Structure formats: structure tokens, C-alpha cells
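Single-structure report; data block below.
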Amino acid sequence: MELKRKVESIEVKEKSISQLLAEMAKTAYQGRKLGEAVEVWEEMIKDPNVTIIMGLAGSMSTAGQWKMINWLIENRFIDVLVSTGANVSEDIVEAMGFSYWQGSHLVNDRELLKADINRYYDVYGFEKDYVAMENLIKEFVLTLREDYIYSSMEFLHLFGRWLLKRGVRSIVAVAAEHGVPVFCPAIADSAYGEAFIMAKNEGKTIIVDNVKDFDQFVGIGERVKDIGVIYIGGGVPKDYTQLLAISLTLKTMHREVPGRRGFMRKSLKEYYYPHKYAIQITTDSPQWGGLSGCTLEEAISWGKIDAEGKRVTCYCDATIALPLITHALNERIKFKRKPSDMSWLFSDVLKAHPNH
């Protein structure tokens with residue numbers, strides 16, 4: 001066994017966040033992994049052949065994290081976002097001018113219910129603000145066509161454009177402005193689902209087709225060279241994005257994609273295209289067998305993650321990791337990244353909705 005890198009103790013002195021994380025990368029445990037996550041993300045950004053996809057799970061927007069996602073989109077440090085419905089609806093509350101409030105997890109929740117206050121662990125939100133957000137979504141749904149079948153990405157792109165005109169700079173609005181597609185495979189599991197019912201009650205029924213959604217998402221794999229993934233949490237956004245590596249072969253009828261670096265599983269004669277880079281920030285453990293805790297190494301056996309690529313898992317609360325990583329990237333990256341062109345994804349829905 002050859003020993004190449006010493007552990008280097010951190011000295012306390014004035015320094016940037018970037019420098020601190022660089023020093024943490026030379027230490028141990030999850031501090032080291034957090035520092036390495038910045039290094040891998042920076043390498044993704046500097047790789048001209050990589051399309052960066054972020055999977056965003058949980059309810060991060062209520063915790064003051066959504067503007068960092070906007071910043072990542074604006075700088076095109078991500079090219080595609082796959083999100084829970086919560087993250088791309090609950091951010092709208094604050095973007096509309098309402099607020100979330102610091103509270104306590106040690107509280108009488110019956111009293112909060114009487115006061116029409118919803119609790120997100122130690123954050124409070126007024127039910128009336130949440131309903132105002134749902135009504136805003138409903139108002140948009142009422143402008144849509146009943147004879148067009150939408151994917152979640154198409155729906156959210158049109159919604160983002162609609163919000164921009166109203167000065168509501170939420171995640172989907174900023175994504176629409178910068179040509180970043182947002183996929184939400186479990187969109188009904190959120191305020192959107194309730195808004196769909198509210199619109200139906202007023203005579204407008206629209207269809208959001210998950211199969212169309214997945215077909216469009218997998219189609220990304222036909223137009224890129226390499227993919228890097230960043231998982232904030234796990235759940236549906238992570239699994240959806242992982243499937244891109246192994247489901248493309250079904251879309252191409254098991255034909256190899258020219259220009260893509262992959263391999264053929266000989267027993268099935270299927271072509272897989274593992275993600276070249278991978279970062280996972282999670283608090284879930286692998287031993288329970290769930291996808292949210294599944295290691296990136298386990299994903300190698302599926303052909304989802306490149307065994308020779310750069311990867312790092314950091315077991316850390318995302319509300320700690322994401323602010324540190326984004327601020328370090330802000331300090332390190334001083335050039336304008338050339339993003340992957342995703343405009344082809346929007347062409348059909350924009351043709352069908354020229355006034356949106």
C-alpha cells in the first residue's frame with residue numbers, strides 16, 4: 001500500500017470559504033468529503049463536454065435555500081434541474097413577497113393549527129400564504145389548453161415564463177429565463193396537485209403525462225457527450241436522474257449513441273452510459289436499502305455511475321453543505337461557463353402556446 005497524501009491539520013486564521021474547504025479536503029470524515037465535493041463540482045464546470053443535472057429533494061425552499069438554486073441556474077453551474085414539487089412551489093411563497101418564519105420544533109402543534117400556521121420542523125409558514133401560492137398556480141393553469149398533453153417540464157417552463165411577466169422570480173421563473181429545463185416527476189405530490197384540482201373545479205382539466213416527461217428526459221442522453229450529477233438528498237429526483245444512464249438504450253432500441261462513451265452489457269446487448277461525475281449530499285444511510293441512502297459505489301453495479309469517474313458522497317445536512325459549496329464556487333469560478341443547449345426541449349410547447 002502506497003501512502004500519497006498526508007492529513008493536514010487546519011490552522012485558524014483569516015481565509016475565504018473556498019480556502020477553508022480546500023483545507024478541509026485534506027482532513028478526514030465528512031469535512032474531507034465536503035471539501036472534495038467542491039473539487040468535483042468545479043471539475044464538472046470546467047469540463048466542456050459535461051452536462052450537469054441536479055436532483056433536488058425534500059423541502060429545501062422553506063429553509064432559505066432556493067435563491068442559491070437560482071444562482072446556480074443563472075451561472076449555468078447546472079443545466080437541468082429535477083426537483084420535488086415542494087421545492088418548486090414553496091419557493092413561490094417567498095418570491096410573491098410573503099415570508100417563512102424561524103420557529104421551534106419544541107412547540108404545541110395544536111396551537112399552531114388553531115393559528116393557521118404550518119410547521120416545517122423549525123420553520124413556520126402561514127396557511128393563507130400557501131393558499132395564495134396555490135391560487136397563483138391555479139390562475140396559470142386556467143390559461144392552458146385542454147387539448148395539449150403536457151410533460152411536467154413543459155408545464156413548468158410555461159409557468160416560469162408566466163411568472164417572469166409578473167415579477168415572481170421563483171426557481172422555475174429563473175430557469176425559464178435561462179433556458180434550464182425543470183422536470184418534476186412527482187408533480188402532483190405538492191401544491192401543484194391541489195392547484196390542478198382547484199382548476200378542475202372551475203372547469204379546466206389539463207393532462208400532465210409522466211410518460212412524455214420521462215421520454216423527453218431520457219432524450220437528453222442522445223444529445224450530450226457526458227453527464228455529471230449532483231444529488232441534494234435522494235428520493236424521486238435522484239432515482240429519475242440515475243435511470244437516464246441505463247434507460248437511453250430502450251429509447252434508441254439498443255443502438256449505440258454516436259459520440260457517447262458507454263459500454264454494452266453483453267448478456268442483454270444493451271448500451272449503458274454511466275454518469276461521469278457524481279456528487280451526493282445526503283443524511284440517509286445505505287443499510288436500509290433505500291435509494292436515498294444508496295451509495296454511488298452500489299450504483300456502479302447497475303451501470304449508472306462510471307467506475308472510473310470522479311464521485312463523492314458527503315453525509316451532511318444540505319442546509320450546511322449547499323451554502324458552503326455554492327459560496328466556494330462563487331469564489332473559485334471566474335469565467336463564464338458555456339452551458340449545454342436545452343432549447344430543443346421547449347420547441348413543441350412554445351409552438352403550441354405562442355402567447356405564453
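Residue names in the C-alpha cells use chain letters A, B, ... in the order shown, residue numbers from 1 in each chain, and ligand numbers from 1 in the order shown.
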Selection near Glu94 of chain A, 12 Å with only C-alpha atoms, sequence-local residues under 3 positions removed, as a CSV table (one decimal) with N, CA and C atoms, in the first residue's frame:
```
chain,number,residue,atom,x,y,z
A,61,SER,N,-36.8,24.8,-0.1
A,61,SER,CA,-37.1,26.2,-0.3
A,61,SER,C,-37.6,26.8,1.0
A,62,THR,N,-38.3,26.1,1.8
A,62,THR,CA,-38.8,26.7,3.1
A,62,THR,C,-37.7,27.0,4.0
A,63,ALA,N,-36.5,26.4,3.8
A,63,ALA,CA,-35.4,26.5,4.7
A,63,ALA,C,-34.4,27.6,4.2
A,64,GLY,N,-34.8,28.5,3.3
A,64,GLY,CA,-34.0,29.5,2.9
A,64,GLY,C,-32.9,29.1,1.9
A,65,GLN,N,-33.1,28.1,1.1
A,65,GLN,CA,-32.1,27.6,0.2
A,65,GLN,C,-32.4,27.9,-1.3
A,66,TRP,N,-33.6,28.4,-1.6
A,66,TRP,CA,-34.0,28.4,-3.1
A,66,TRP,C,-33.2,29.5,-3.9
A,67,LYS,N,-32.8,30.5,-3.3
A,67,LYS,CA,-32.1,31.5,-4.0
A,67,LYS,C,-30.7,31.1,-4.5
A,87,ASN,N,-40.1,21.8,-3.7
A,87,ASN,CA,-39.1,22.8,-3.9
A,87,ASN,C,-39.4,23.9,-4.9
A,88,VAL,N,-40.2,23.5,-5.9
A,88,VAL,CA,-40.5,24.5,-6.9
A,88,VAL,C,-41.9,25.0,-6.8
A,89,SER,N,-42.5,24.9,-5.6
A,89,SER,CA,-43.8,25.5,-5.3
A,89,SER,C,-43.7,26.4,-4.1
A,90,GLU,N,-43.0,25.8,-3.0
A,90,GLU,CA,-42.9,26.6,-1.8
A,90,GLU,C,-42.0,27.8,-1.9
A,91,ASP,N,-41.1,27.8,-2.9
A,91,ASP,CA,-40.3,29.0,-3.1
A,91,ASP,C,-41.1,30.1,-3.6
A,97,GLY,N,-43.6,37.6,-2.2
A,97,GLY,CA,-43.4,38.7,-1.2
A,97,GLY,C,-43.9,38.3,0.2
A,98,PHE,N,-44.3,37.0,0.4
A,98,PHE,CA,-44.6,36.5,1.7
A,98,PHE,C,-43.3,36.0,2.4
A,99,SER,N,-43.5,35.5,3.6
A,99,SER,CA,-42.3,35.0,4.3
A,99,SER,C,-42.5,33.7,5.0
A,100,TYR,N,-41.4,33.0,5.3
A,100,TYR,CA,-41.4,32.0,6.3
A,100,TYR,C,-40.7,32.5,7.5
A,101,TRP,N,-41.0,31.9,8.6
A,101,TRP,CA,-40.5,32.4,9.9
A,101,TRP,C,-39.8,31.4,10.7
A,125,GLY,N,-44.9,28.7,8.5
A,125,GLY,CA,-45.5,29.3,7.3
A,125,GLY,C,-47.0,29.5,7.5
A,126,PHE,N,-47.5,30.6,7.1
A,126,PHE,CA,-49.0,30.8,7.2
A,126,PHE,C,-49.7,30.1,6.2
A,129,ASP,N,-50.8,32.1,3.2
A,129,ASP,CA,-49.8,32.4,2.2
A,129,ASP,C,-49.6,31.2,1.2
A,130,TYR,N,-49.7,30.0,1.8
A,130,TYR,CA,-49.7,28.8,1.0
A,130,TYR,C,-50.8,28.7,0.0
A,132,ALA,N,-52.5,31.3,-1.1
A,132,ALA,CA,-52.3,32.3,-2.2
A,132,ALA,C,-51.4,31.8,-3.3
A,133,MET,N,-50.4,31.0,-2.9
A,133,MET,CA,-49.5,30.4,-3.9
A,133,MET,C,-50.2,29.4,-4.7
A,168,VAL,N,-42.4,37.5,-10.5
A,168,VAL,CA,-42.2,36.5,-9.4
A,168,VAL,C,-41.0,35.6,-9.8
A,169,ARG,N,-39.9,35.9,-9.3
A,169,ARG,CA,-38.6,35.3,-9.7
A,169,ARG,C,-38.3,34.0,-8.9
A,170,SER,N,-39.2,33.1,-9.0
A,170,SER,CA,-39.0,31.8,-8.3
A,170,SER,C,-38.0,30.9,-9.1
A,171,ILE,N,-37.8,29.7,-8.7
A,171,ILE,CA,-36.9,28.8,-9.4
A,171,ILE,C,-37.3,28.6,-10.8
```
So that I can check the surroundings of Tyr148 of chain A, please list as a CSV table (one decimal) with N, CA and C atoms, in the first residue's frame every protein, DNA and RNA residue that reaches within 9 Å of it, counting only C-alpha atoms and ignoring chain neighbours fewer than 6 positions away.
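Result written to out_2.csv:
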```
chain,number,residue,atom,x,y,z
A,206,ILE,N,-56.5,19.8,-17.2
A,206,ILE,CA,-55.3,19.5,-18.0
A,206,ILE,C,-54.7,18.2,-17.7
A,207,ILE,N,-53.9,17.7,-18.7
A,207,ILE,CA,-53.2,16.4,-18.5
A,207,ILE,C,-51.7,16.7,-18.5
A,349,VAL,N,-43.8,22.9,-27.2
A,349,VAL,CA,-44.7,23.5,-26.3
A,349,VAL,C,-44.8,25.0,-26.6
A,352,ALA,N,-47.0,25.5,-29.6
A,352,ALA,CA,-48.4,25.3,-29.3
A,352,ALA,C,-49.0,26.4,-28.5
```
query = So which one's closest to Asp79 of chain A, A:Gln19, A:Asn355, A:Ser343, A:Asn201? Using only C-alpha atoms, please.
reply = A:Ser343
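Shortest atom-to-atom contact with Lys266 of chain A among A:His254, A:Lys212, A:His353, A:Arg119: A:His254, counting only C-alpha atoms.
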Write down as a compact mmCIF listing (two decimals) with C-alpha atoms, in the first residue's frame the residues of segment 110-333 of chain A whose backbone DSSP state falls under strand (DSSP E).
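The result, written out as states.txt:
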```txt
# COMPACT_ATOMS: atom_id res chain seq x y z
CA ILE A 117 -49.65 28.11 10.93
CA ASN A 118 -47.95 25.15 9.23
CA ARG A 119 -44.67 23.84 10.68
CA TYR A 120 -41.66 22.60 8.70
CA VAL A 123 -39.85 26.91 10.27
CA TYR A 124 -43.37 28.36 10.33
CA GLY A 125 -45.50 29.33 7.35
CA PHE A 126 -48.98 30.84 7.24
CA ILE A 149 -50.79 16.90 -23.29
CA TYR A 150 -48.06 18.44 -21.12
CA VAL A 182 -37.09 21.71 -14.77
CA PHE A 183 -38.51 18.21 -14.50
CA ILE A 207 -53.19 16.43 -18.50
CA VAL A 208 -49.59 16.16 -17.28
CA ASP A 226 -21.07 13.21 -20.78
CA ILE A 227 -23.24 13.80 -17.74
CA GLY A 228 -22.38 14.94 -14.25
CA VAL A 229 -24.97 14.64 -11.47
CA ILE A 230 -25.45 16.44 -8.17
CA TYR A 231 -27.91 14.99 -5.69
CA ILE A 232 -29.19 17.16 -2.86
CA PHE A 263 -20.46 0.17 -22.63
CA MET A 264 -22.58 -2.79 -23.71
CA ARG A 265 -23.92 -5.26 -21.18
CA GLU A 270 -27.88 -3.09 -24.11
CA TYR A 271 -25.81 0.09 -24.14
CA TYR A 272 -25.39 1.92 -20.83
CA HIS A 275 -22.64 9.35 -15.30
CA LYS A 276 -19.04 10.58 -15.47
CA TYR A 277 -19.20 12.73 -12.32
CA ALA A 278 -21.39 12.37 -9.26
CA ILE A 279 -21.88 14.28 -6.01
CA GLN A 280 -24.32 13.17 -3.34
CA ILE A 281 -25.23 15.20 -0.24
CA THR A 282 -27.40 13.03 1.98
CA ILE A 305 -22.19 5.67 -12.26
CA ASP A 306 -18.84 5.49 -14.05
CA ALA A 307 -16.39 3.39 -12.05
CA GLU A 308 -13.52 5.46 -13.46
CA GLY A 309 -15.19 8.84 -12.98
CA LYS A 310 -14.99 11.32 -10.12
CA ARG A 311 -17.54 10.82 -7.37
CA VAL A 312 -18.03 11.81 -3.74
CA THR A 313 -20.74 11.27 -1.14
CA CYS A 314 -20.95 13.66 1.80
CA TYR A 315 -23.17 12.72 4.72
```
ask   = Among segment 87-292 of chain A, which residues carry a DSSP assignment of alpha helix (DSSP H), reported as number ranges by chain?
value = A: 90-95, 109-114, 127-141, 152-165, 171-177, 191-201, 210-219, 235-251
inquiry  = Report as an NGL selection string all protein, DNA and RNA residues lying within 8 Å of Ala57 of chain A, evaluated on only C-alpha atoms, omitting residues in the same chain fewer than 3 positions from it.
reply    = :A and (60 or 83-84 or 87 or 231-238)
Selection to disk with C-alpha atoms, as a compact mmCIF listing (two decimals), in the first residue's frame:
```
# COMPACT_ATOMS: atom_id res chain seq x y z
CA MET A 60 -35.36 23.00 0.84
CA SER A 83 -37.00 18.53 -8.34
CA THR A 84 -39.69 17.58 -5.92
CA ASN A 87 -39.06 22.82 -3.85
CA TYR A 231 -27.91 14.99 -5.69
CA ILE A 232 -29.19 17.16 -2.86
CA GLY A 233 -30.93 14.44 -0.93
CA GLY A 234 -32.33 11.40 -2.71
CA GLY A 235 -35.87 10.26 -3.41
CA VAL A 236 -37.57 10.54 -6.79
CA PRO A 237 -35.24 13.25 -8.21
CA LYS A 238 -32.21 11.04 -7.64
```
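Across the structure, atom CA of Val80 of chain A and atom CA of Arg255 of chain A are spaced 24.7 Å apart.
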ask   = If we count only C-alpha atoms, what is near Gln216 of chain A at a cut-off of 12 Å, once residues fewer than 3 positions away on the same chain are taken out, given as number ranges by chain?
value = A: 150-154, 181-183, 185, 209-213, 219-223, 244, 247-248, 251, 342, 344-348
Take the residues from that selection and put them in a file with C-alpha atoms, as an mmCIF file, in the first residue's frame.
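File written: part-v5.cif
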```cif
data_model
loop_
_atom_site.group_PDB
_atom_site.id
_atom_site.type_symbol
_atom_site.label_atom_id
_atom_site.label_comp_id
_atom_site.auth_asym_id
_atom_site.auth_seq_id
_atom_site.Cartn_x
_atom_site.Cartn_y
_atom_site.Cartn_z
ATOM 1 C CA TYR A 150 -48.056 18.440 -21.122
ATOM 2 C CA SER A 151 -44.945 16.983 -19.603
ATOM 3 C CA SER A 152 -44.028 18.419 -16.202
ATOM 4 C CA MET A 153 -41.053 20.116 -17.871
ATOM 5 C CA GLU A 154 -43.279 21.822 -20.461
ATOM 6 C CA PRO A 181 -35.487 22.695 -18.075
ATOM 7 C CA VAL A 182 -37.089 21.710 -14.773
ATOM 8 C CA PHE A 183 -38.506 18.206 -14.502
ATOM 9 C CA PRO A 185 -41.725 13.616 -11.980
ATOM 10 C CA ASP A 209 -48.151 12.963 -18.745
ATOM 11 C CA ASN A 210 -45.347 11.289 -16.788
ATOM 12 C CA VAL A 211 -44.506 9.014 -19.727
ATOM 13 C CA LYS A 212 -43.982 12.019 -22.025
ATOM 14 C CA ASP A 213 -41.901 13.570 -19.251
ATOM 15 C CA GLY A 219 -33.857 12.091 -24.797
ATOM 16 C CA ILE A 220 -31.264 14.384 -23.224
ATOM 17 C CA GLY A 221 -28.914 11.423 -23.283
ATOM 18 C CA GLU A 222 -28.998 11.350 -27.090
ATOM 19 C CA ARG A 223 -27.717 14.923 -27.406
ATOM 20 C CA LEU A 244 -31.075 8.247 -17.508
ATOM 21 C CA SER A 247 -32.823 3.793 -19.929
ATOM 22 C CA LEU A 248 -31.399 5.502 -23.010
ATOM 23 C CA LYS A 251 -35.233 4.768 -26.393
ATOM 24 C CA MET A 342 -31.547 22.662 -23.958
ATOM 25 C CA TRP A 344 -34.881 21.913 -28.245
ATOM 26 C CA LEU A 345 -36.856 20.645 -25.260
ATOM 27 C CA PHE A 346 -39.125 23.695 -25.321
ATOM 28 C CA SER A 347 -39.778 23.962 -29.062
ATOM 29 C CA ASP A 348 -43.022 21.957 -29.280
#
```
